[in-house]
2 protein chains.
Amino acid sequence: MNSKTDSREKIVAAASKLFQLKGYTATGLNEILRESGAPKGSLYYYFPNGKEELALAAVDLTSKTMQANVLAGLNSDSDPVCAVSKVISDMITALKDDGRLQTMSLSMLALETCQTSDTLREACARSFEKMSSIYAQKLLDSGFSCERSAELGTVLQSMIEGAITLSLTARDVKPLETVLHQLPLLLRRDSGV
Amino acid sequence: MNSKTDSREKIVAAASKLFQLKGYTATGLNEILRESGAPKGSLYYYFPNGKEELALAAVDLTSKTMQANVLAGLNSDSDPVCAVSKVISDMITALKDDGRLQTMSLSMLALETCQTSDTLREACARSFEKMSSIYAQKLLDSGFSCERSAELGTVLQSMIEGAITLSLTARDVKPLETVLHQLPLLLRRDSGV
DNA sequence: GTCTATAGGTTGATAGAC
DNA sequence: GTCTATCAACCTATAGAC
(Lines give C-alpha, C1' and ligand atoms only; values in the text may rest on other atoms or scores of the structure.)
Protein backbone atom coordinates (compact mmCIF):
# COMPACT_ATOMS: atom_id res chain seq x y z
CA MET A 1 0.00 0.00 0.00
CA ASN A 2 1.22 3.44 -0.75
CA SER A 3 1.16 5.20 2.57
CA LYS A 4 3.14 7.96 0.93
CA THR A 5 0.23 9.96 -0.39
CA ASP A 6 -2.27 8.45 2.01
CA SER A 7 -2.00 11.17 4.65
CA ARG A 8 -2.13 13.84 2.01
CA GLU A 9 -5.25 12.41 0.44
CA LYS A 10 -7.01 12.03 3.76
CA ILE A 11 -6.26 15.66 4.62
CA VAL A 12 -7.51 16.91 1.25
CA ALA A 13 -10.67 14.78 1.48
CA ALA A 14 -11.47 16.13 4.95
CA ALA A 15 -10.73 19.69 3.86
CA SER A 16 -12.89 19.33 0.78
CA LYS A 17 -15.82 18.10 2.87
CA LEU A 18 -15.52 20.72 5.61
CA PHE A 19 -14.92 23.69 3.28
CA GLN A 20 -18.12 22.85 1.45
CA LEU A 21 -20.08 22.31 4.63
CA LYS A 22 -18.92 25.23 6.76
CA GLY A 23 -17.07 27.49 4.36
CA TYR A 24 -13.43 28.51 4.04
CA THR A 25 -13.07 30.94 6.92
CA ALA A 26 -15.21 29.02 9.40
CA THR A 27 -13.24 25.81 8.89
CA GLY A 28 -10.11 25.66 11.04
CA LEU A 29 -7.01 23.67 10.19
CA ASN A 30 -7.26 21.92 13.55
CA GLU A 31 -10.73 20.73 12.65
CA ILE A 32 -9.54 19.37 9.32
CA LEU A 33 -6.72 17.50 11.03
CA ARG A 34 -9.05 16.09 13.68
CA GLU A 35 -11.42 14.88 10.96
CA SER A 36 -8.65 13.37 8.86
CA GLY A 37 -6.72 11.86 11.74
CA ALA A 38 -3.46 13.36 10.52
CA PRO A 39 -1.18 15.46 12.73
CA LYS A 40 -0.51 19.11 12.11
CA GLY A 41 3.08 18.58 11.01
CA SER A 42 1.95 16.54 8.00
CA LEU A 43 -0.24 19.36 6.80
CA TYR A 44 2.60 21.85 6.58
CA TYR A 45 4.85 19.20 5.10
CA TYR A 46 2.48 18.58 2.20
CA PHE A 47 1.20 22.15 1.98
CA PRO A 48 4.03 24.52 2.95
CA ASN A 49 1.91 27.52 1.98
CA GLY A 50 -0.72 26.59 4.54
CA LYS A 51 -4.45 26.99 4.31
CA GLU A 52 -4.62 28.56 0.87
CA GLU A 53 -2.58 25.81 -0.78
CA LEU A 54 -4.67 23.14 0.94
CA ALA A 55 -7.86 24.84 -0.20
CA LEU A 56 -6.56 24.84 -3.76
CA ALA A 57 -6.15 21.05 -3.64
CA ALA A 58 -9.59 20.73 -2.04
CA VAL A 59 -11.17 22.82 -4.79
CA ASP A 60 -9.54 20.64 -7.43
CA LEU A 61 -10.84 17.48 -5.76
CA THR A 62 -14.37 18.84 -5.31
CA SER A 63 -14.39 20.16 -8.83
CA LYS A 64 -13.36 16.82 -10.36
CA THR A 65 -16.01 14.94 -8.38
CA MET A 66 -18.69 17.46 -9.36
CA GLN A 67 -17.77 17.14 -13.02
CA ALA A 68 -17.92 13.34 -12.84
CA ASN A 69 -21.35 13.45 -11.18
CA VAL A 70 -22.79 15.83 -13.75
CA LEU A 71 -21.28 13.91 -16.67
CA ALA A 72 -22.76 10.66 -15.35
CA GLY A 73 -26.19 12.29 -15.13
CA LEU A 74 -25.96 13.82 -18.60
CA ASN A 75 -24.93 10.50 -20.15
CA SER A 76 -28.05 8.80 -18.77
CA ASP A 77 -30.18 10.07 -21.66
CA SER A 78 -29.61 11.25 -25.21
CA ASP A 79 -32.33 13.89 -24.99
CA PRO A 80 -30.81 17.03 -23.47
CA VAL A 81 -33.91 17.99 -21.45
CA CYS A 82 -34.13 14.52 -19.91
CA ALA A 83 -30.39 14.47 -19.33
CA VAL A 84 -30.24 17.81 -17.51
CA SER A 85 -33.40 16.87 -15.63
CA LYS A 86 -31.62 13.76 -14.39
CA VAL A 87 -28.73 15.88 -13.08
CA ILE A 88 -31.09 18.16 -11.17
CA SER A 89 -33.19 15.24 -9.87
CA ASP A 90 -30.06 13.62 -8.49
CA MET A 91 -29.23 16.85 -6.67
CA ILE A 92 -32.75 17.01 -5.23
CA THR A 93 -32.45 13.43 -3.99
CA ALA A 94 -29.03 14.11 -2.44
CA LEU A 95 -30.32 17.26 -0.78
CA LYS A 96 -33.33 15.43 0.63
CA ASP A 97 -31.17 12.66 2.09
CA ASP A 98 -29.13 15.09 4.14
CA GLY A 99 -29.74 18.79 3.77
CA ARG A 100 -26.09 19.56 3.23
CA LEU A 101 -23.84 20.31 0.33
CA GLN A 102 -21.98 17.25 -0.78
CA THR A 103 -19.99 17.88 -3.90
CA MET A 104 -22.68 19.99 -5.50
CA SER A 105 -21.55 23.59 -5.36
CA LEU A 106 -18.45 25.72 -4.95
CA SER A 107 -20.50 28.91 -4.58
CA MET A 108 -19.79 29.54 -0.90
CA LEU A 109 -16.05 28.99 -1.24
CA ALA A 110 -15.93 31.09 -4.40
CA LEU A 111 -17.82 34.00 -2.84
CA GLU A 112 -15.71 33.85 0.32
CA THR A 113 -12.37 33.85 -1.41
CA CYS A 114 -12.89 35.79 -4.65
CA GLN A 115 -12.07 39.12 -2.99
CA THR A 116 -9.05 37.96 -0.98
CA SER A 117 -7.21 35.25 -2.93
CA ASP A 118 -6.68 35.38 -6.65
CA THR A 119 -5.37 31.81 -6.65
CA LEU A 120 -8.54 30.38 -5.14
CA ARG A 121 -10.76 32.72 -7.12
CA GLU A 122 -9.25 31.54 -10.39
CA ALA A 123 -9.54 27.89 -9.37
CA CYS A 124 -13.24 28.36 -8.66
CA ALA A 125 -13.70 30.33 -11.87
CA ARG A 126 -12.10 27.51 -13.86
CA SER A 127 -14.44 25.03 -12.21
CA PHE A 128 -17.54 27.12 -13.03
CA GLU A 129 -16.30 27.52 -16.58
CA LYS A 130 -15.74 23.79 -16.93
CA MET A 131 -19.22 22.97 -15.64
CA SER A 132 -20.79 25.43 -18.08
CA SER A 133 -18.85 23.88 -20.93
CA ILE A 134 -20.00 20.38 -19.95
CA TYR A 135 -23.63 21.47 -20.23
CA ALA A 136 -22.82 23.30 -23.47
CA GLN A 137 -21.22 20.22 -24.98
CA LYS A 138 -24.32 18.15 -24.28
CA LEU A 139 -26.47 20.73 -26.06
CA LEU A 140 -24.03 20.93 -28.96
CA ASP A 141 -24.15 17.14 -29.34
CA SER A 142 -27.92 17.35 -29.39
CA GLY A 143 -27.96 19.67 -32.34
CA PHE A 144 -28.09 23.11 -30.75
CA SER A 145 -26.10 25.79 -32.50
CA CYS A 146 -22.60 26.50 -31.22
CA GLU A 147 -23.41 29.94 -29.92
CA ARG A 148 -26.71 28.98 -28.33
CA SER A 149 -25.11 25.94 -26.66
CA ALA A 150 -22.46 28.09 -25.04
CA GLU A 151 -24.97 30.64 -23.79
CA LEU A 152 -27.39 28.04 -22.44
CA GLY A 153 -24.52 26.24 -20.72
CA THR A 154 -23.78 29.39 -18.74
CA VAL A 155 -27.47 29.97 -18.02
CA LEU A 156 -27.92 26.39 -16.81
CA GLN A 157 -24.88 26.63 -14.55
CA SER A 158 -26.06 29.97 -13.11
CA MET A 159 -29.59 28.74 -12.59
CA ILE A 160 -28.55 25.50 -10.91
CA GLU A 161 -26.00 27.17 -8.60
CA GLY A 162 -28.59 29.76 -7.64
CA ALA A 163 -31.32 27.17 -7.06
CA ILE A 164 -28.99 25.15 -4.82
CA THR A 165 -28.34 28.27 -2.74
CA LEU A 166 -32.06 29.01 -2.45
CA SER A 167 -32.94 25.40 -1.62
CA LEU A 168 -30.29 25.11 1.08
CA THR A 169 -31.33 28.41 2.62
CA ALA A 170 -35.02 27.53 2.62
CA ARG A 171 -34.33 23.95 3.72
CA ASP A 172 -36.72 23.04 0.95
CA VAL A 173 -35.94 21.61 -2.48
CA LYS A 174 -38.76 23.55 -4.08
CA PRO A 175 -36.52 26.06 -5.92
CA LEU A 176 -34.66 23.17 -7.56
CA GLU A 177 -37.95 21.49 -8.41
CA THR A 178 -39.22 24.71 -9.97
CA VAL A 179 -36.11 24.97 -12.14
CA LEU A 180 -36.63 21.34 -13.11
CA HIS A 181 -40.21 22.11 -14.10
CA GLN A 182 -39.31 25.15 -16.22
CA LEU A 183 -36.39 23.41 -17.91
CA PRO A 184 -38.27 22.24 -21.05
CA LEU A 185 -39.25 25.84 -21.84
CA LEU A 186 -35.71 27.14 -21.55
CA LEU A 187 -34.31 24.39 -23.75
CA ARG A 188 -36.92 24.51 -26.51
CA ARG A 189 -35.42 23.93 -29.92
CA ASP A 190 -37.66 26.19 -31.96
CA SER A 191 -37.02 29.82 -32.74
CA GLY A 192 -33.59 30.11 -31.26
CA VAL A 193 -32.50 33.71 -30.87
CA MET B 1 -31.14 65.54 15.69
CA ASN B 2 -31.81 62.09 17.02
CA SER B 3 -28.48 60.79 18.15
CA LYS B 4 -30.37 58.02 19.90
CA THR B 5 -30.47 55.56 17.04
CA ASP B 6 -27.57 57.16 15.20
CA SER B 7 -24.88 54.89 16.63
CA ARG B 8 -27.06 51.88 16.06
CA GLU B 9 -27.68 52.75 12.46
CA LYS B 10 -24.03 53.43 11.75
CA ILE B 11 -23.10 50.05 13.22
CA VAL B 12 -25.75 48.24 11.17
CA ALA B 13 -24.73 50.04 7.99
CA ALA B 14 -21.06 49.13 8.47
CA ALA B 15 -21.98 45.53 9.31
CA SER B 16 -24.21 45.27 6.28
CA LYS B 17 -21.44 46.48 4.00
CA LEU B 18 -18.70 44.31 5.46
CA PHE B 19 -20.77 41.14 5.72
CA GLN B 20 -21.56 41.38 2.01
CA LEU B 21 -17.99 42.17 1.09
CA LYS B 22 -16.06 39.68 3.22
CA GLY B 23 -18.69 37.31 4.53
CA TYR B 24 -20.07 36.63 8.00
CA THR B 25 -17.22 34.64 9.55
CA ALA B 26 -14.40 36.65 8.04
CA THR B 27 -15.81 39.95 9.32
CA GLY B 28 -14.82 40.68 12.91
CA LEU B 29 -16.80 42.84 15.27
CA ASN B 30 -13.72 44.98 15.84
CA GLU B 31 -13.59 45.70 12.13
CA ILE B 32 -17.24 46.70 12.06
CA LEU B 33 -16.73 49.05 14.99
CA ARG B 34 -13.63 50.57 13.43
CA GLU B 35 -15.54 51.19 10.18
CA SER B 36 -18.56 52.65 11.95
CA GLY B 37 -16.59 54.72 14.47
CA ALA B 38 -18.65 53.37 17.37
CA PRO B 39 -17.07 51.80 20.46
CA LYS B 40 -17.52 48.16 21.41
CA GLY B 41 -19.77 48.90 24.37
CA SER B 42 -22.42 50.40 22.11
CA LEU B 43 -22.58 47.25 20.05
CA TYR B 44 -23.47 45.05 23.00
CA TYR B 45 -25.83 47.69 24.31
CA TYR B 46 -27.86 47.69 21.10
CA PHE B 47 -27.31 44.00 20.30
CA PRO B 48 -27.09 42.07 23.58
CA ASN B 49 -27.01 38.77 21.68
CA GLY B 50 -23.85 39.79 19.87
CA LYS B 51 -22.83 39.03 16.34
CA GLU B 52 -25.86 36.98 15.33
CA GLU B 53 -28.34 39.66 16.39
CA LEU B 54 -26.32 42.33 14.60
CA ALA B 55 -26.22 40.19 11.47
CA LEU B 56 -29.99 39.83 11.62
CA ALA B 57 -30.37 43.61 11.53
CA ALA B 58 -27.80 43.82 8.74
CA VAL B 59 -29.69 41.24 6.68
CA ASP B 60 -32.91 43.19 7.12
CA LEU B 61 -31.23 46.40 5.98
CA THR B 62 -29.54 44.77 2.98
CA SER B 63 -32.74 43.01 2.06
CA LYS B 64 -34.81 46.19 2.13
CA THR B 65 -32.30 48.06 -0.03
CA MET B 66 -32.13 45.20 -2.51
CA GLN B 67 -35.90 45.11 -2.80
CA ALA B 68 -36.06 48.86 -3.39
CA ASN B 69 -33.38 48.63 -6.10
CA VAL B 70 -35.13 45.80 -7.93
CA LEU B 71 -38.54 47.44 -7.65
CA ALA B 72 -37.14 50.68 -9.08
CA GLY B 73 -35.69 48.77 -12.03
CA LEU B 74 -38.89 46.81 -12.65
CA ASN B 75 -41.01 49.97 -12.61
CA SER B 76 -38.89 51.53 -15.35
CA ASP B 77 -40.80 49.67 -18.07
CA SER B 78 -44.22 48.07 -18.45
CA ASP B 79 -42.89 45.26 -20.59
CA PRO B 80 -41.63 42.50 -18.26
CA VAL B 81 -38.66 41.53 -20.45
CA CYS B 82 -37.48 45.14 -20.67
CA ALA B 83 -38.10 45.64 -16.95
CA VAL B 84 -36.11 42.60 -15.81
CA SER B 85 -33.42 43.48 -18.36
CA LYS B 86 -33.13 46.88 -16.72
CA VAL B 87 -32.61 45.26 -13.31
CA ILE B 88 -29.83 43.04 -14.65
CA SER B 89 -28.22 45.88 -16.63
CA ASP B 90 -28.08 47.97 -13.47
CA MET B 91 -26.30 45.11 -11.70
CA ILE B 92 -23.81 44.81 -14.56
CA THR B 93 -23.10 48.53 -14.39
CA ALA B 94 -22.65 48.41 -10.61
CA LEU B 95 -20.36 45.40 -10.89
CA LYS B 96 -18.25 47.09 -13.54
CA ASP B 97 -17.83 50.24 -11.44
CA ASP B 98 -16.30 48.32 -8.56
CA GLY B 99 -16.10 44.57 -8.77
CA ARG B 100 -17.70 44.06 -5.38
CA LEU B 101 -21.07 43.14 -4.05
CA GLN B 102 -23.00 46.20 -3.04
CA THR B 103 -26.52 45.35 -2.01
CA MET B 104 -26.98 42.82 -4.76
CA SER B 105 -26.85 39.40 -3.18
CA LEU B 106 -27.24 37.64 0.17
CA SER B 107 -25.92 34.35 -1.22
CA MET B 108 -22.62 34.31 0.65
CA LEU B 109 -24.17 35.17 3.99
CA ALA B 110 -27.00 32.68 3.43
CA LEU B 111 -24.64 29.84 2.52
CA GLU B 112 -22.34 30.63 5.43
CA THR B 113 -25.03 30.70 8.07
CA CYS B 114 -27.73 28.30 6.86
CA GLN B 115 -26.09 25.32 8.58
CA THR B 116 -25.29 27.03 11.87
CA SER B 117 -27.96 29.62 12.64
CA ASP B 118 -31.65 29.05 12.04
CA THR B 119 -32.39 32.68 12.80
CA LEU B 120 -30.11 33.99 10.06
CA ARG B 121 -31.03 31.20 7.69
CA GLU B 122 -34.71 32.07 7.97
CA ALA B 123 -34.04 35.78 7.53
CA CYS B 124 -32.13 35.06 4.30
CA ALA B 125 -34.82 32.62 3.16
CA ARG B 126 -37.48 35.29 3.70
CA SER B 127 -35.41 37.74 1.65
CA PHE B 128 -35.00 35.29 -1.23
CA GLU B 129 -38.72 34.52 -1.09
CA LYS B 130 -39.60 38.21 -1.17
CA MET B 131 -37.35 38.85 -4.17
CA SER B 132 -38.90 35.94 -6.06
CA SER B 133 -42.38 37.28 -5.30
CA ILE B 134 -41.41 40.76 -6.56
CA TYR B 135 -40.40 39.28 -9.92
CA ALA B 136 -43.55 37.12 -9.90
CA GLN B 137 -45.80 40.11 -9.25
CA LYS B 138 -44.35 41.94 -12.26
CA LEU B 139 -45.11 38.94 -14.46
CA LEU B 140 -48.59 38.59 -13.02
CA ASP B 141 -49.28 42.26 -13.75
CA SER B 142 -48.10 41.68 -17.31
CA GLY B 143 -50.65 38.97 -17.91
CA PHE B 144 -48.77 35.78 -17.08
CA SER B 145 -50.81 33.11 -15.36
CA CYS B 146 -50.63 32.94 -11.59
CA GLU B 147 -48.80 29.63 -11.47
CA ARG B 148 -46.35 30.46 -14.25
CA SER B 149 -45.58 33.86 -12.66
CA ALA B 150 -44.69 32.21 -9.37
CA GLU B 151 -42.46 29.63 -11.02
CA LEU B 152 -40.68 32.14 -13.25
CA GLY B 153 -40.14 34.42 -10.25
CA THR B 154 -38.19 31.65 -8.54
CA VAL B 155 -36.30 30.82 -11.73
CA LEU B 156 -35.35 34.47 -12.26
CA GLN B 157 -34.16 34.84 -8.68
CA SER B 158 -32.10 31.63 -8.90
CA MET B 159 -30.61 32.56 -12.25
CA ILE B 160 -29.67 36.08 -11.18
CA GLU B 161 -28.13 35.01 -7.85
CA GLY B 162 -26.16 32.32 -9.67
CA ALA B 163 -24.99 34.67 -12.41
CA ILE B 164 -23.82 37.20 -9.80
CA THR B 165 -21.77 34.47 -8.14
CA LEU B 166 -20.24 33.42 -11.46
CA SER B 167 -19.52 37.00 -12.52
CA LEU B 168 -17.84 37.90 -9.24
CA THR B 169 -15.73 34.76 -9.32
CA ALA B 170 -14.64 35.27 -12.92
CA ARG B 171 -14.19 39.03 -12.40
CA ASP B 172 -16.13 39.31 -15.64
CA VAL B 173 -19.76 40.32 -16.12
CA LYS B 174 -20.19 37.92 -19.02
CA PRO B 175 -22.40 35.43 -17.11
CA LEU B 176 -24.81 38.24 -16.24
CA GLU B 177 -24.72 39.46 -19.84
CA THR B 178 -25.48 35.96 -21.08
CA VAL B 179 -28.48 35.70 -18.76
CA LEU B 180 -29.59 39.09 -20.04
CA HIS B 181 -29.31 37.85 -23.61
CA GLN B 182 -31.30 34.65 -22.99
CA LEU B 183 -33.99 36.42 -20.98
CA PRO B 184 -36.47 36.95 -23.87
CA LEU B 185 -36.58 33.22 -24.53
CA LEU B 186 -37.28 32.32 -20.93
CA LEU B 187 -40.08 34.87 -20.66
CA ARG B 188 -41.84 34.12 -23.93
CA ARG B 189 -45.61 34.39 -23.61
CA ASP B 190 -46.62 31.64 -26.05
CA SER B 191 -47.17 28.02 -25.17
CA GLY B 192 -46.86 28.27 -21.44
CA VAL B 193 -46.48 24.87 -19.82
C1' DG C 1 -26.37 55.23 28.39
C1' DT C 2 -21.66 55.36 26.78
C1' DC C 3 -17.33 53.62 26.65
C1' DT C 4 -12.57 51.00 27.96
C1' DA C 5 -9.88 47.29 29.49
C1' DT C 6 -9.55 42.70 29.67
C1' DA C 7 -10.83 37.86 30.02
C1' DG C 8 -10.94 33.29 27.83
C1' DG C 9 -10.60 30.76 23.83
C1' DT C 10 -9.32 29.81 19.03
C1' DT C 11 -6.80 30.57 15.02
C1' DG C 12 -2.81 29.87 11.46
C1' DA C 13 1.80 29.05 11.63
C1' DT C 14 6.56 27.48 13.31
C1' DA C 15 10.53 25.26 15.54
C1' DG C 16 12.60 21.30 16.55
C1' DA C 17 12.49 16.29 18.52
C1' DC C 18 12.35 11.73 16.70
C1' DG D 1 9.50 12.22 6.58
C1' DT D 2 6.54 12.26 10.58
C1' DC D 3 4.89 14.30 14.46
C1' DT D 4 4.39 17.44 19.04
C1' DA D 5 4.74 21.53 21.73
C1' DT D 6 4.25 26.14 21.47
C1' DC D 7 3.86 30.90 19.54
C1' DA D 8 1.78 35.44 18.70
C1' DA D 9 -2.36 37.34 16.94
C1' DC D 10 -6.97 37.39 16.61
C1' DC D 11 -11.62 36.58 17.91
C1' DT D 12 -16.26 37.19 20.76
C1' DA D 13 -17.93 38.48 24.91
C1' DT D 14 -17.99 40.61 29.56
C1' DA D 15 -17.22 43.40 33.70
C1' DG D 16 -17.18 47.67 35.44
C1' DA D 17 -15.67 52.82 35.28
C1' DC D 18 -17.64 57.13 34.05
# chains A, B, ... in the order shown; residues from 1 in each chain; ligands from 1
call {"tool": "closest_atom_pairs", "arguments": {"of": "chain D", "to": "chain A", "cutoff": "12 Å", "atoms": "only C-alpha atoms (C1' of nucleotides)", "output": "Markdown table"}}
result
| residue | atom | partner | partner_atom | distance |
| --- | --- | --- | --- | --- |
| D:DG1 | C1' | A:Tyr45 | CA | 8.5 |
| D:DT2 | C1' | A:Ser42 | CA | 6.8 |
| D:DC3 | C1' | A:Gly41 | CA | 5.8 |
| D:DT4 | C1' | A:Gly41 | CA | 8.2 |
| D:DA5 | C1' | A:Lys40 | CA | 11.2 |
| D:DC11 | C1' | A:Ala26 | CA | 11.9 |
call {"tool": "residues_around", "arguments": {"residues": "Thr65 (chain A)", "least_positions_apart": "4", "cutoff": "9 Å", "atoms": "only C-alpha atoms (C1' of nucleotides)", "output": "MDAnalysis selection string"}}
result
chainID A and resid 60:61 69:70 103:104
call {"tool": "select_by_dssp", "arguments": {"residues": "chain A", "states": "alpha helix (DSSP H)", "output": "ChimeraX atom specification"}}
result
/A:6-22,29-36,40-46,51-74,80-97,107-113,118-141,146-170,174-186
call {"tool": "residues_around", "arguments": {"residues": "region 5-19 of chain A", "least_positions_apart": "6", "cutoff": "12 Å", "atoms": "only C-alpha atoms (C1' of nucleotides)", "output": "MDAnalysis selection string"}}
result
(chainID A and resid 25:47 51:66 100:110 112:113) or (chainID B and resid 111:112 115) or (chainID D and resid 1:2)
call {"tool": "interface_residues", "arguments": {"of": "chain B", "to": "chain A", "cutoff": "7 Å", "atoms": "only C-alpha atoms", "output": "tab-separated table (two decimals) with N, CA, C and O atoms, in the first residue's frame"}}
result
chain	number	residue	atom	x	y	z
B	22	LYS	N	-17.01	40.69	2.75
B	22	LYS	CA	-16.06	39.68	3.22
B	22	LYS	C	-16.71	38.42	3.73
B	22	LYS	O	-16.04	37.41	3.96
B	23	GLY	N	-18.01	38.47	3.97
B	23	GLY	CA	-18.69	37.31	4.53
B	23	GLY	C	-18.89	37.43	6.03
B	23	GLY	O	-18.33	38.33	6.67
B	25	THR	N	-18.28	35.13	8.66
B	25	THR	CA	-17.22	34.64	9.55
B	25	THR	C	-15.97	35.50	9.45
B	25	THR	O	-15.31	35.76	10.47
B	26	ALA	N	-15.65	35.92	8.25
B	26	ALA	CA	-14.40	36.65	8.04
B	26	ALA	C	-14.47	38.09	8.56
B	26	ALA	O	-13.45	38.74	8.72
B	107	SER	N	-26.31	35.76	-1.06
B	107	SER	CA	-25.92	34.35	-1.22
B	107	SER	C	-24.81	33.93	-0.27
B	107	SER	O	-24.92	32.90	0.40
B	108	MET	N	-23.75	34.72	-0.19
B	108	MET	CA	-22.62	34.31	0.65
B	108	MET	C	-23.05	34.19	2.09
B	108	MET	O	-22.80	33.18	2.74
B	110	ALA	N	-26.03	33.77	3.28
B	110	ALA	CA	-27.00	32.68	3.43
B	110	ALA	C	-26.29	31.34	3.48
B	110	ALA	O	-26.57	30.50	4.35
B	111	LEU	N	-25.35	31.12	2.56
B	111	LEU	CA	-24.64	29.84	2.52
B	111	LEU	C	-23.78	29.64	3.75
B	111	LEU	O	-23.67	28.54	4.28
B	112	GLU	N	-23.19	30.74	4.24
B	112	GLU	CA	-22.34	30.63	5.43
B	112	GLU	C	-23.11	30.28	6.68
B	112	GLU	O	-22.63	29.57	7.55
B	114	CYS	N	-26.53	29.14	6.91
B	114	CYS	CA	-27.73	28.30	6.86
B	114	CYS	C	-27.54	26.98	7.59
B	114	CYS	O	-28.53	26.32	7.91
B	121	ARG	N	-30.59	31.96	8.86
B	121	ARG	CA	-31.03	31.20	7.69
B	121	ARG	C	-32.44	31.62	7.29
B	121	ARG	O	-32.72	31.90	6.11
B	124	CYS	N	-32.57	35.09	5.71
B	124	CYS	CA	-32.13	35.06	4.30
B	124	CYS	C	-33.19	34.39	3.43
B	124	CYS	O	-33.45	34.84	2.30
B	125	ALA	N	-33.78	33.32	3.93
B	125	ALA	CA	-34.82	32.62	3.16
B	125	ALA	C	-36.00	33.56	2.89
B	125	ALA	O	-36.54	33.58	1.78
B	151	GLU	N	-43.60	30.48	-10.66
B	151	GLU	CA	-42.46	29.63	-11.02
B	151	GLU	C	-41.34	30.44	-11.67
B	151	GLU	O	-40.16	30.30	-11.32
B	154	THR	N	-39.24	32.46	-9.18
B	154	THR	CA	-38.19	31.65	-8.54
B	154	THR	C	-37.03	31.40	-9.48
B	154	THR	O	-35.85	31.49	-9.09
B	155	VAL	N	-37.36	31.09	-10.75
B	155	VAL	CA	-36.30	30.82	-11.73
B	155	VAL	C	-35.45	32.07	-11.94
B	155	VAL	O	-34.21	32.00	-11.98
B	158	SER	N	-33.19	32.60	-8.89
B	158	SER	CA	-32.10	31.63	-8.90
B	158	SER	C	-31.05	32.00	-9.94
B	158	SER	O	-29.84	32.04	-9.65
B	159	MET	N	-31.51	32.29	-11.13
B	159	MET	CA	-30.61	32.56	-12.25
B	159	MET	C	-29.77	33.80	-11.98
B	159	MET	O	-28.56	33.82	-12.27
B	161	GLU	N	-29.08	35.26	-8.95
B	161	GLU	CA	-28.13	35.01	-7.85
B	161	GLU	C	-26.94	34.19	-8.36
B	161	GLU	O	-25.79	34.50	-8.05
B	162	GLY	N	-27.23	33.16	-9.14
B	162	GLY	CA	-26.16	32.32	-9.67
B	162	GLY	C	-25.23	33.10	-10.60
B	162	GLY	O	-24.01	32.96	-10.53
B	163	ALA	N	-25.81	33.92	-11.45
B	163	ALA	CA	-24.99	34.67	-12.41
B	163	ALA	C	-24.13	35.71	-11.70
B	163	ALA	O	-23.00	35.99	-12.13
B	165	THR	N	-22.86	35.28	-8.69
B	165	THR	CA	-21.77	34.47	-8.14
B	165	THR	C	-20.72	34.18	-9.21
B	165	THR	O	-19.52	34.36	-8.99
B	166	LEU	N	-21.17	33.75	-10.38
B	166	LEU	CA	-20.24	33.42	-11.46
B	166	LEU	C	-19.48	34.66	-11.92
B	166	LEU	O	-18.26	34.59	-12.17
B	169	THR	N	-16.83	35.71	-9.36
B	169	THR	CA	-15.73	34.76	-9.32
B	169	THR	C	-14.82	34.92	-10.54
B	169	THR	O	-13.60	34.84	-10.43
B	170	ALA	N	-15.43	35.15	-11.69
B	170	ALA	CA	-14.64	35.27	-12.92
B	170	ALA	C	-14.10	36.69	-13.09
B	170	ALA	O	-13.31	36.94	-13.99
B	175	PRO	N	-21.24	36.27	-17.50
B	175	PRO	CA	-22.40	35.43	-17.11
B	175	PRO	C	-23.68	36.24	-16.97
B	175	PRO	O	-24.74	35.80	-17.46
B	178	THR	N	-24.89	37.11	-20.40
B	178	THR	CA	-25.48	35.96	-21.08
B	178	THR	C	-26.91	35.72	-20.61
B	178	THR	O	-27.82	35.46	-21.41
B	179	VAL	N	-27.11	35.83	-19.30
B	179	VAL	CA	-28.48	35.70	-18.76
B	179	VAL	C	-29.37	36.78	-19.37
B	179	VAL	O	-30.51	36.52	-19.77
B	185	LEU	N	-36.12	34.59	-24.28
B	185	LEU	CA	-36.58	33.22	-24.53
B	185	LEU	C	-37.27	32.63	-23.31
B	185	LEU	O	-38.29	31.95	-23.43
B	186	LEU	N	-36.70	32.88	-22.15
B	186	LEU	CA	-37.28	32.32	-20.93
B	186	LEU	C	-38.66	32.90	-20.66
B	186	LEU	O	-39.56	32.20	-20.18
call {"tool": "atom_distance", "arguments": {"atom1": "CA of Ser76 (chain A)", "atom2": "CA of Tyr135 (chain A)"}}
result
13.5 Å
